[in-house]
Amino acid sequence: MSSLLAQRLSRIQPSPTIAVTQKAAELKAAGRDVIGLGAGEPDFDTPDHVKEAAKAAIDRGETKYTAVAGTLQLRRAIVEKFKRDNGLTYTPEQITVGCGGKQVLFNALIATLDAGDEVIIPAPYWVSYPDMVLLAGGDPVIVECPAADHFKLRPEALEGAITPRTKWLILNSPSNPTGAAYTEAELKALMAVVERHPNVWVMTDDIYEHIVYDGFRFFTPAQVAPALFERTLTVNGCSKAYSMTGWRVGYAGGPTPLIKAINMVQSQSTTHTCSISQAAAAAALDGPHAFLEEWVATFRDRRDMVVAGLNEATGIECPMPVGAFYVYPSCAGTIGKTAPDGRVITSDDDFVAYLLEEEGVACVQGRAFGLSPHFRISYATSTEALKEACQRIERACLKLR
């Protein structure tokens with residue numbers, strides 16, 4: 001079998017977040033009382049008007065192939081979304097639709113990276129960024145952004161990471177896993193650095209755009225730096241804001257030559273996203289958004305409860321995020337302590353394994369996101385489950401000596 005598999009597979013690992021979710025599901029199926037906090041998936045149902053649009057599309061017989069780039073109806077809806085929400089002007093020819101934001105990112109990297117090309121990725125990062133770069137033949141350049149910098153990339157750190165081989169900077173704001181988000185001024189400062197380097201393009205993952213708190217105002221790079229419009233791929237999707245994770249619809253706007261290249265890659269892989277999902281996505285983007293206010297308020301209340309609860313746990317320090325639905329607490333205060341069974345906690349991997357085995361709480365170790373010793377909790381689950389999980393974590397920490 002080893003002679004059959006491609007060498008490139010040796011460069012990557014399975015997604016740690018998916019692995020944690022699967023492990024929690026397996027333990028539950030085996031009868032364990034497990035609270036799974038690993039999945040980044042809203043627990044709300046897809047809005048009714050979106051589901052009705054999908055049913056209507058089926059009834060109209062919209063079950064055939066679509067254009068590789070996506071239906072014209074959906075691409076027009078995306079054009080309007082970018083104009084309405086971000087002040088960005090695209091044409092339908094500058095829009096691509098993929099099977100989730102992940103595929104759009106992957107297609108873009110496959111279409112643009114040659115062996116040895118570098119992609120700057122601030123850490124903590126979404127677990128898939130480095131592996132997608134590696135699969136595309138590029139080299140991820142990880143720049144650590146510690147809690148002291150609010151988990152955000154500083155202009156001088158970006159400047160120091162750029163080389164003649166740099167092709168992309170990937171930015172994710174609000175961030176998975178930290179919930180950190182860049183202000184307009186912070187983005188302008190970063191984009192000023194990029195403007196000085198004509199070889200560097202910006203790939204921005206805005207999937208959590210609508211999930212922000214405390215009056216935070218979202219901005220995207222091409223919006224604050226118009227000079228970089230032709231060097232920016234603005235990626236978004238329907239998964240988080242519309243609770244459509246299983247529908248698999250992501251999209252991006254960018255310069256026409258890049259979008260054509262992305263579509264060429266897609267034409268030889270999935271061809272296009274499901275026609276029914278595309279009809280649903282168009283309804284989501286064009287339809288009412290009032291439900292978002294209620295959802296975000298619920299997420300905010302959960303955030304406040306989880307941050308307060310975790311900061312009661314001995315050895316845990318949890319900062320307050322401004323967006324997304326994750327917290328990224330430090331477990332540095334638990335390192336070096338001993339569990340009841342005699343095992344010493346030497347890393348965030350050990351701490352996360354201890355939480356799962358001792359108290360049945362499944363989260364993801366910080367190492368998976370490129371910055372330790374931390375762990376990620378998704379609070380996109382029921383308030384009751386989160387309250388119980390915080391109590392279990394506090395109890396687990398008290399057992400450490």
# chains A, B, ... in the order shown; residues from 1 in each chain; ligands from 1

call {"tool": "residues_around", "arguments": {"residues": "Ser128 of chain A", "least_positions_apart": "4", "cutoff": "12 Å", "atoms": "only C-alpha atoms", "output": "MDAnalysis selection string"}}
result
chainID A and resid 12:18 101:103 105:106 121 124 132:135 140 170 176:177 368:370

call {"tool": "select_by_dssp", "arguments": {"residues": "segment 23-228 of chain A", "states": "helix (DSSP H, G or I)", "output": "PyMOL selection string"}}
result
chain A and resi 23-29+48-59+72-86+92-94+101-112+128-135+147-149+155-161+184-195+221-224+226-228

call {"tool": "closest_residue", "arguments": {"among": "A:Ala261, A:Ala222, A:Ala324, A:Val364", "to": "Leu113 of chain A", "atoms": "only C-alpha atoms"}}
result
A:Ala261

call {"tool": "select_by_dssp", "arguments": {"residues": "segment 217-352 of chain A", "states": "strand (DSSP E)", "output": "PyMOL selection string"}}
result
chain A and resi 232-237+250-253+326-327

call {"tool": "write_last_selection", "arguments": {"atoms": "C-alpha atoms", "output": "compact mmCIF listing (two decimals), in the first residue's frame"}}
result
# COMPACT_ATOMS: atom_id res chain seq x y z
CA THR A 232 -7.34 39.96 -3.19
CA LEU A 233 -9.53 36.87 -3.13
CA THR A 234 -12.44 37.56 -0.78
CA VAL A 235 -13.83 34.23 0.43
CA ASN A 236 -17.08 33.69 2.31
CA GLY A 237 -19.89 31.17 2.54
CA GLY A 250 -18.89 28.71 -0.29
CA TYR A 251 -18.00 31.51 -2.67
CA ALA A 252 -15.40 34.12 -3.50
CA GLY A 253 -14.93 37.32 -5.45
CA TYR A 326 -15.04 29.97 19.87
CA VAL A 327 -12.92 30.68 22.91

call {"tool": "atom_distance", "arguments": {"atom1": "atom CA of Asn311 of chain A", "atom2": "atom CA of Thr178 of chain A"}}
result
15.7 Å

call {"tool": "closest_residue", "arguments": {"among": "A:Asp349, A:Asp85, A:Asp43, A:Asp33", "to": "Gln223 of chain A", "atoms": "only C-alpha atoms"}}
result
A:Asp85

call {"tool": "closest_residue", "arguments": {"among": "A:Lys51, A:Lys28, A:Arg196, A:Lys387", "to": "Arg303 of chain A", "atoms": "only C-alpha atoms"}}
result
A:Lys387

call {"tool": "residues_around", "arguments": {"residues": "segment 266-271 of chain A", "least_positions_apart": "5", "cutoff": "10 Å", "atoms": "only C-alpha atoms", "output": "list in words"}}
result
Tyr65, Thr66, Ala67, Val68, Ala69, Gly70, Thr96, Val97, Gly98, Cys99, Gln103, Val104, Phe106, Asn107, Ala108, Ile110, Ala111, Lys260 and Ala261 of chain A
